[in-house]
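In what follows, a structure is listed as structure tokens, so that the remarks can point back to it.
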Amino acid sequence: MRYMEHAFNPSKYGECPEHPVLEITLPSRHNPSLAPAGHHVMSVSVASVPYDLDGSQAGERDALAQRVVAILERHAPNVESMIVDHELLTPHDIEQRYGAVQGHWHHGELSMHQSFMLRPVHGAARYDTPLAGLYLCSAGCHPGGGLTGLPGRNAARRIIEPGKAT
């Protein structure tokens, strides 16, 4: 928890964390068509990157990418030598490319008071809202956590449940 708090603190001042929190996935492990044989795609989500890092500060972008690789290298020695290419998307880039406001791909904080049956807010869980016929289906809904389409699928299933359609 302390590491996460220290990683978040610089973003309050518009700065990149020196030691960011990383969420790492290897989507090519489950979908080998994403990379040539013998290679993998690694997706690294870096928490607490300020929105103002809009791409105009090339040196800051490069420094962030180097920090991420250094952290990976500490936990997976020699991983740097396996990197063929990379693309760094800042929150500003994500907003421009995917329309996620301020690049927040969770569509809101993933905190305890906004998790599970409380996501996005109490009374609007399971995709229902207090307004008859209005359902929520964004990444801001449970299970949340990204622009996966899963909340939309779940909302559609909820709507077609017997007795739910309006």
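Labeling convention for the structure tokens: chains A, B, ... as they appear, residues from 1 per chain, ligands from 1 in order of appearance.
Residues with any atom within 10 Å of segment 59-66 of chain A, counting only C-alpha atoms and excluding same-chain neighbours fewer than 5 positions away, are Glu15, Cys16, Pro17, Glu18, His19, Pro20, Val46, Val49, Leu53, Asp54, Ile71, Leu72, Glu80, His86, Glu87, Leu88, Leu89 and Thr90 of chain A.
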Those residues you just picked out, can you put them in a file as a PDB file, in the first residue's frame with C-alpha atoms?
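Result saved to again.pdb:
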ATOM      1  CA  GLU A  15       4.558  14.719 -12.405  1.00  0.00           C
ATOM      2  CA  CYS A  16       5.252  11.143 -13.438  1.00  0.00           C
ATOM      3  CA  PRO A  17       5.980   8.688 -10.640  1.00  0.00           C
ATOM      4  CA  GLU A  18       9.601   7.670 -10.261  1.00  0.00           C
ATOM      5  CA  HIS A  19       8.500   4.148  -9.267  1.00  0.00           C
ATOM      6  CA  PRO A  20       5.073   3.595 -10.866  1.00  0.00           C
ATOM      7  CA  VAL A  46       1.187   2.439 -15.754  1.00  0.00           C
ATOM      8  CA  VAL A  49       0.505   9.110 -15.088  1.00  0.00           C
ATOM      9  CA  LEU A  53       1.770  14.497 -20.183  1.00  0.00           C
ATOM     10  CA  ASP A  54       0.223  15.138 -23.595  1.00  0.00           C
ATOM     11  CA  ILE A  71      11.220  -1.921 -13.238  1.00  0.00           C
ATOM     12  CA  LEU A  72      10.480  -4.831 -15.564  1.00  0.00           C
ATOM     13  CA  GLU A  80      14.928  -5.387 -22.010  1.00  0.00           C
ATOM     14  CA  HIS A  86       7.121  -0.264 -27.837  1.00  0.00           C
ATOM     15  CA  GLU A  87       4.345   2.271 -27.952  1.00  0.00           C
ATOM     16  CA  LEU A  88       3.670   4.575 -25.023  1.00  0.00           C
ATOM     17  CA  LEU A  89       0.133   5.942 -24.771  1.00  0.00           C
ATOM     18  CA  THR A  90      -0.333   8.744 -22.267  1.00  0.00           C
TER      19      THR A  90
END
If you count only C-alpha atoms, which residues fall within 10 Å of Ser48 of chain A, apart from same-chain ones fewer than 2 positions away, as a PDB file with all heavy atoms, in the first residue's frame?
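Output (result-v8.pdb):
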ATOM      1  N   MET A   4       2.191   1.959  -3.437  1.00  0.00           N
ATOM      2  CA  MET A   4       1.159   2.536  -4.294  1.00  0.00           C
ATOM      3  C   MET A   4       0.914   4.006  -3.960  1.00  0.00           C
ATOM      4  O   MET A   4       0.748   4.831  -4.856  1.00  0.00           O
ATOM      5  CB  MET A   4      -0.132   1.729  -4.162  1.00  0.00           C
ATOM      6  CG  MET A   4      -0.006   0.338  -4.760  1.00  0.00           C
ATOM      7  SD  MET A   4      -1.429  -0.717  -4.433  1.00  0.00           S
ATOM      8  CE  MET A   4      -2.686   0.115  -5.355  1.00  0.00           C
ATOM      9  N   GLU A   5       0.909   4.334  -2.683  1.00  0.00           N
ATOM     10  CA  GLU A   5       0.703   5.729  -2.292  1.00  0.00           C
ATOM     11  C   GLU A   5       1.855   6.601  -2.773  1.00  0.00           C
ATOM     12  O   GLU A   5       1.643   7.684  -3.314  1.00  0.00           O
ATOM     13  CB  GLU A   5       0.559   5.849  -0.777  1.00  0.00           C
ATOM     14  CG  GLU A   5       0.282   7.273  -0.346  1.00  0.00           C
ATOM     15  CD  GLU A   5       0.055   7.414   1.153  1.00  0.00           C
ATOM     16  OE1 GLU A   5      -0.132   6.401   1.833  1.00  0.00           O
ATOM     17  OE2 GLU A   5       0.088   8.556   1.619  1.00  0.00           O
ATOM     18  N   ALA A   7       3.753   6.017  -5.278  1.00  0.00           N
ATOM     19  CA  ALA A   7       3.688   6.095  -6.731  1.00  0.00           C
ATOM     20  C   ALA A   7       2.647   7.117  -7.168  1.00  0.00           C
ATOM     21  O   ALA A   7       2.819   7.789  -8.189  1.00  0.00           O
ATOM     22  CB  ALA A   7       3.357   4.731  -7.321  1.00  0.00           C
ATOM     23  N   PHE A   8       1.572   7.267  -6.403  1.00  0.00           N
ATOM     24  CA  PHE A   8       0.502   8.190  -6.757  1.00  0.00           C
ATOM     25  C   PHE A   8       0.854   9.645  -6.456  1.00  0.00           C
ATOM     26  O   PHE A   8       0.464  10.545  -7.196  1.00  0.00           O
ATOM     27  CB  PHE A   8      -0.786   7.819  -6.008  1.00  0.00           C
ATOM     28  CG  PHE A   8      -1.883   8.825  -6.169  1.00  0.00           C
ATOM     29  CD1 PHE A   8      -2.572   8.923  -7.367  1.00  0.00           C
ATOM     30  CD2 PHE A   8      -2.210   9.694  -5.150  1.00  0.00           C
ATOM     31  CE1 PHE A   8      -3.582   9.861  -7.538  1.00  0.00           C
ATOM     32  CE2 PHE A   8      -3.213  10.639  -5.306  1.00  0.00           C
ATOM     33  CZ  PHE A   8      -3.899  10.720  -6.505  1.00  0.00           C
ATOM     34  N   ASN A   9       1.587   9.901  -5.388  1.00  0.00           N
ATOM     35  CA  ASN A   9       1.844  11.269  -4.926  1.00  0.00           C
ATOM     36  C   ASN A   9       2.330  12.231  -6.010  1.00  0.00           C
ATOM     37  O   ASN A   9       1.807  13.339  -6.111  1.00  0.00           O
ATOM     38  CB  ASN A   9       2.789  11.275  -3.732  1.00  0.00           C
ATOM     39  CG  ASN A   9       2.086  10.908  -2.443  1.00  0.00           C
ATOM     40  OD1 ASN A   9       0.869  11.070  -2.318  1.00  0.00           O
ATOM     41  ND2 ASN A   9       2.834  10.387  -1.484  1.00  0.00           N
ATOM     42  N   PRO A  10       3.304  11.886  -6.846  1.00  0.00           N
ATOM     43  CA  PRO A  10       3.769  12.854  -7.856  1.00  0.00           C
ATOM     44  C   PRO A  10       2.673  13.293  -8.827  1.00  0.00           C
ATOM     45  O   PRO A  10       2.688  14.430  -9.302  1.00  0.00           O
ATOM     46  CB  PRO A  10       4.877  12.100  -8.598  1.00  0.00           C
ATOM     47  CG  PRO A  10       5.346  11.067  -7.630  1.00  0.00           C
ATOM     48  CD  PRO A  10       4.125  10.675  -6.848  1.00  0.00           C
ATOM     49  N   SER A  11       1.715  12.414  -9.111  1.00  0.00           N
ATOM     50  CA  SER A  11       0.675  12.780 -10.083  1.00  0.00           C
ATOM     51  C   SER A  11      -0.199  13.915  -9.570  1.00  0.00           C
ATOM     52  O   SER A  11      -0.787  14.645 -10.370  1.00  0.00           O
ATOM     53  CB  SER A  11      -0.178  11.563 -10.448  1.00  0.00           C
ATOM     54  OG  SER A  11      -0.988  11.172  -9.366  1.00  0.00           O
ATOM     55  N   LYS A  12      -0.272  14.078  -8.254  1.00  0.00           N
ATOM     56  CA  LYS A  12      -1.047  15.192  -7.694  1.00  0.00           C
ATOM     57  C   LYS A  12      -0.452  16.529  -8.112  1.00  0.00           C
ATOM     58  O   LYS A  12      -1.140  17.547  -8.105  1.00  0.00           O
ATOM     59  CB  LYS A  12      -1.087  15.104  -6.167  1.00  0.00           C
ATOM     60  CG  LYS A  12      -1.854  13.898  -5.649  1.00  0.00           C
ATOM     61  CD  LYS A  12      -1.998  13.918  -4.143  1.00  0.00           C
ATOM     62  CE  LYS A  12      -0.701  13.656  -3.451  1.00  0.00           C
ATOM     63  NZ  LYS A  12      -0.843  13.407  -1.996  1.00  0.00           N
ATOM     64  N   GLY A  14       1.183  16.854 -11.123  1.00  0.00           N
ATOM     65  CA  GLY A  14       1.384  16.803 -12.566  1.00  0.00           C
ATOM     66  C   GLY A  14       2.689  16.163 -12.983  1.00  0.00           C
ATOM     67  O   GLY A  14       3.157  16.386 -14.097  1.00  0.00           O
ATOM     68  N   GLU A  15       3.275  15.364 -12.105  1.00  0.00           N
ATOM     69  CA  GLU A  15       4.558  14.719 -12.405  1.00  0.00           C
ATOM     70  C   GLU A  15       4.377  13.215 -12.547  1.00  0.00           C
ATOM     71  O   GLU A  15       3.455  12.632 -11.967  1.00  0.00           O
ATOM     72  CB  GLU A  15       5.547  15.002 -11.278  1.00  0.00           C
ATOM     73  CG  GLU A  15       5.816  16.487 -11.082  1.00  0.00           C
ATOM     74  CD  GLU A  15       6.557  16.779  -9.782  1.00  0.00           C
ATOM     75  OE1 GLU A  15       6.867  15.831  -9.027  1.00  0.00           O
ATOM     76  OE2 GLU A  15       6.802  17.960  -9.512  1.00  0.00           O
ATOM     77  N   CYS A  16       5.266  12.600 -13.298  1.00  0.00           N
ATOM     78  CA  CYS A  16       5.252  11.143 -13.438  1.00  0.00           C
ATOM     79  C   CYS A  16       5.895  10.505 -12.217  1.00  0.00           C
ATOM     80  O   CYS A  16       6.877  11.032 -11.690  1.00  0.00           O
ATOM     81  CB  CYS A  16       6.032  10.714 -14.669  1.00  0.00           C
ATOM     82  SG  CYS A  16       5.157  11.007 -16.192  1.00  0.00           S
ATOM     83  N   PRO A  17       5.365   9.367 -11.781  1.00  0.00           N
ATOM     84  CA  PRO A  17       5.980   8.688 -10.640  1.00  0.00           C
ATOM     85  C   PRO A  17       7.357   8.140 -11.001  1.00  0.00           C
ATOM     86  O   PRO A  17       7.572   7.669 -12.121  1.00  0.00           O
ATOM     87  CB  PRO A  17       5.001   7.563 -10.315  1.00  0.00           C
ATOM     88  CG  PRO A  17       4.216   7.362 -11.559  1.00  0.00           C
ATOM     89  CD  PRO A  17       4.201   8.667 -12.283  1.00  0.00           C
ATOM     90  N   PRO A  20       6.511   3.774 -10.654  1.00  0.00           N
ATOM     91  CA  PRO A  20       5.073   3.595 -10.866  1.00  0.00           C
ATOM     92  C   PRO A  20       4.590   2.174 -10.570  1.00  0.00           C
ATOM     93  O   PRO A  20       5.370   1.224 -10.554  1.00  0.00           O
ATOM     94  CB  PRO A  20       4.905   3.916 -12.351  1.00  0.00           C
ATOM     95  CG  PRO A  20       6.219   3.583 -12.960  1.00  0.00           C
ATOM     96  CD  PRO A  20       7.249   3.919 -11.908  1.00  0.00           C
ATOM     97  N   VAL A  21       3.296   2.074 -10.355  1.00  0.00           N
ATOM     98  CA  VAL A  21       2.635   0.785 -10.221  1.00  0.00           C
ATOM     99  C   VAL A  21       2.341   0.295 -11.639  1.00  0.00           C
ATOM    100  O   VAL A  21       1.831   1.051 -12.467  1.00  0.00           O
ATOM    101  CB  VAL A  21       1.320   0.923  -9.420  1.00  0.00           C
ATOM    102  CG1 VAL A  21       0.537  -0.374  -9.419  1.00  0.00           C
ATOM    103  CG2 VAL A  21       1.612   1.378  -7.999  1.00  0.00           C
ATOM    104  N   LEU A  22       2.676  -0.958 -11.910  1.00  0.00           N
ATOM    105  CA  LEU A  22       2.486  -1.522 -13.240  1.00  0.00           C
ATOM    106  C   LEU A  22       1.490  -2.682 -13.190  1.00  0.00           C
ATOM    107  O   LEU A  22       1.546  -3.518 -12.297  1.00  0.00           O
ATOM    108  CB  LEU A  22       3.804  -2.061 -13.796  1.00  0.00           C
ATOM    109  CG  LEU A  22       5.009  -1.125 -13.797  1.00  0.00           C
ATOM    110  CD1 LEU A  22       6.225  -1.832 -14.369  1.00  0.00           C
ATOM    111  CD2 LEU A  22       4.712   0.144 -14.559  1.00  0.00           C
ATOM    112  N   SER A  45       0.092  -1.377 -18.167  1.00  0.00           N
ATOM    113  CA  SER A  45      -0.669  -0.196 -17.768  1.00  0.00           C
ATOM    114  C   SER A  45       0.072   0.440 -16.599  1.00  0.00           C
ATOM    115  O   SER A  45       0.344  -0.217 -15.593  1.00  0.00           O
ATOM    116  CB  SER A  45      -2.086  -0.603 -17.347  1.00  0.00           C
ATOM    117  OG  SER A  45      -2.790   0.531 -16.907  1.00  0.00           O
ATOM    118  N   VAL A  46       0.411   1.708 -16.756  1.00  0.00           N
ATOM    119  CA  VAL A  46       1.187   2.439 -15.754  1.00  0.00           C
ATOM    120  C   VAL A  46       0.238   3.360 -15.001  1.00  0.00           C
ATOM    121  O   VAL A  46      -0.356   4.261 -15.585  1.00  0.00           O
ATOM    122  CB  VAL A  46       2.315   3.255 -16.422  1.00  0.00           C
ATOM    123  CG1 VAL A  46       3.167   3.959 -15.375  1.00  0.00           C
ATOM    124  CG2 VAL A  46       3.167   2.359 -17.304  1.00  0.00           C
ATOM    125  N   PRO A  50       0.144  11.532 -15.110  1.00  0.00           N
ATOM    126  CA  PRO A  50      -0.702  12.726 -15.202  1.00  0.00           C
ATOM    127  C   PRO A  50      -1.237  12.950 -16.614  1.00  0.00           C
ATOM    128  O   PRO A  50      -0.564  12.670 -17.600  1.00  0.00           O
ATOM    129  CB  PRO A  50       0.226  13.864 -14.772  1.00  0.00           C
ATOM    130  CG  PRO A  50       1.598  13.355 -15.022  1.00  0.00           C
ATOM    131  CD  PRO A  50       1.541  11.869 -14.845  1.00  0.00           C
ATOM    132  N   TYR A  51      -2.446  13.459 -16.673  1.00  0.00           N
ATOM    133  CA  TYR A  51      -3.090  13.742 -17.953  1.00  0.00           C
ATOM    134  C   TYR A  51      -2.284  14.752 -18.758  1.00  0.00           C
ATOM    135  O   TYR A  51      -2.236  14.684 -19.987  1.00  0.00           O
ATOM    136  CB  TYR A  51      -4.504  14.273 -17.713  1.00  0.00           C
ATOM    137  CG  TYR A  51      -5.207  14.681 -18.987  1.00  0.00           C
ATOM    138  CD1 TYR A  51      -5.744  13.718 -19.829  1.00  0.00           C
ATOM    139  CD2 TYR A  51      -5.316  16.018 -19.347  1.00  0.00           C
ATOM    140  CE1 TYR A  51      -6.383  14.078 -21.003  1.00  0.00           C
ATOM    141  CE2 TYR A  51      -5.958  16.378 -20.517  1.00  0.00           C
ATOM    142  CZ  TYR A  51      -6.487  15.408 -21.336  1.00  0.00           C
ATOM    143  OH  TYR A  51      -7.110  15.763 -22.500  1.00  0.00           O
ATOM    144  N   PRO A  91      -2.322   9.277 -20.933  1.00  0.00           N
ATOM    145  CA  PRO A  91      -3.766   9.481 -20.781  1.00  0.00           C
ATOM    146  C   PRO A  91      -4.345  10.380 -21.883  1.00  0.00           C
ATOM    147  O   PRO A  91      -5.427  10.120 -22.401  1.00  0.00           O
ATOM    148  CB  PRO A  91      -3.882  10.126 -19.401  1.00  0.00           C
ATOM    149  CG  PRO A  91      -2.720   9.561 -18.648  1.00  0.00           C
ATOM    150  CD  PRO A  91      -1.608   9.498 -19.670  1.00  0.00           C
ATOM    151  N   HIS A 104      -8.770   7.905 -18.710  1.00  0.00           N
ATOM    152  CA  HIS A 104      -8.999   6.998 -17.577  1.00  0.00           C
ATOM    153  C   HIS A 104      -9.765   5.789 -18.083  1.00  0.00           C
ATOM    154  O   HIS A 104     -10.981   5.804 -18.199  1.00  0.00           O
ATOM    155  CB  HIS A 104      -9.782   7.707 -16.467  1.00  0.00           C
ATOM    156  CG  HIS A 104      -9.566   7.087 -15.130  1.00  0.00           C
ATOM    157  ND1 HIS A 104      -9.804   5.758 -14.870  1.00  0.00           N
ATOM    158  CD2 HIS A 104      -9.106   7.613 -13.987  1.00  0.00           C
ATOM    159  CE1 HIS A 104      -9.518   5.491 -13.615  1.00  0.00           C
ATOM    160  NE2 HIS A 104      -9.090   6.607 -13.059  1.00  0.00           N
TER     161      HIS A 104
END
Contact residues around Ser43 of chain A with only C-alpha atoms at 8 Å, ignoring same-chain residues under 2 positions, as a list in words: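 With the cut-off at 8 Å, the set is Ile24, Thr25, Leu26, Pro27, Val41 and Ser45 of chain A.
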Keeping only N, CA and C atoms, take the residues you just selected and write them out as a PDB file, in the first residue's frame.
ATOM      1  N   ILE A  24       0.537  -5.689 -15.670  1.00  0.00           N
ATOM      2  CA  ILE A  24       1.132  -6.298 -16.856  1.00  0.00           C
ATOM      3  C   ILE A  24       0.300  -7.487 -17.329  1.00  0.00           C
ATOM      4  N   THR A  25       0.035  -7.523 -18.613  1.00  0.00           N
ATOM      5  CA  THR A  25      -0.628  -8.678 -19.214  1.00  0.00           C
ATOM      6  C   THR A  25       0.140  -9.096 -20.454  1.00  0.00           C
ATOM      7  N   LEU A  26       0.015 -10.358 -20.791  1.00  0.00           N
ATOM      8  CA  LEU A  26       0.614 -10.910 -22.003  1.00  0.00           C
ATOM      9  C   LEU A  26      -0.521 -11.505 -22.844  1.00  0.00           C
ATOM     10  N   PRO A  27      -1.238 -10.658 -23.582  1.00  0.00           N
ATOM     11  CA  PRO A  27      -2.403 -11.161 -24.321  1.00  0.00           C
ATOM     12  C   PRO A  27      -2.052 -12.217 -25.359  1.00  0.00           C
ATOM     13  N   VAL A  41       3.355 -10.256 -27.074  1.00  0.00           N
ATOM     14  CA  VAL A  41       2.955  -8.868 -26.891  1.00  0.00           C
ATOM     15  C   VAL A  41       2.769  -8.680 -25.395  1.00  0.00           C
ATOM     16  N   SER A  45       0.092  -1.377 -18.167  1.00  0.00           N
ATOM     17  CA  SER A  45      -0.669  -0.196 -17.768  1.00  0.00           C
ATOM     18  C   SER A  45       0.072   0.440 -16.599  1.00  0.00           C
TER      19      SER A  45
END
Kindly indicate which residue among A:Arg67, A:His6, A:Arg126, A:His40 lies nearest to Ser28 of chain A, using only C-alpha atoms for the distances.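 Checking each of A:Arg67, A:His6, A:Arg126, A:His40 against Ser28 of chain A, counting only C-alpha atoms, the winner is A:His40.
Taking only C-alpha atoms, the non-local environment of Gly152 of chain A within 8 Å (same-chain residues fewer than 6 positions away omitted) comprises Leu136, Cys137 and Ser138 of chain A.
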Show me, as a PDB file with C-alpha atoms, in the first residue's frame, the residues that have an atom within 9 Å of Asn154 of chain A when counting only C-alpha atoms, minus same-chain residues fewer than 4 positions from it.
ATOM      1  CA  ARG A 126     -26.010  -5.000 -12.154  1.00  0.00           C
ATOM      2  CA  TYR A 127     -26.410  -2.441 -14.969  1.00  0.00           C
ATOM      3  CA  CYS A 137     -22.796  -0.577 -19.895  1.00  0.00           C
ATOM      4  CA  GLY A 149     -16.864  -4.571 -23.931  1.00  0.00           C
ATOM      5  CA  LEU A 150     -17.676  -7.025 -21.144  1.00  0.00           C
ATOM      6  CA  ARG A 158     -29.436  -8.236 -18.023  1.00  0.00           C
ATOM      7  CA  ILE A 159     -31.879  -6.468 -20.333  1.00  0.00           C
TER       8      ILE A 159
END
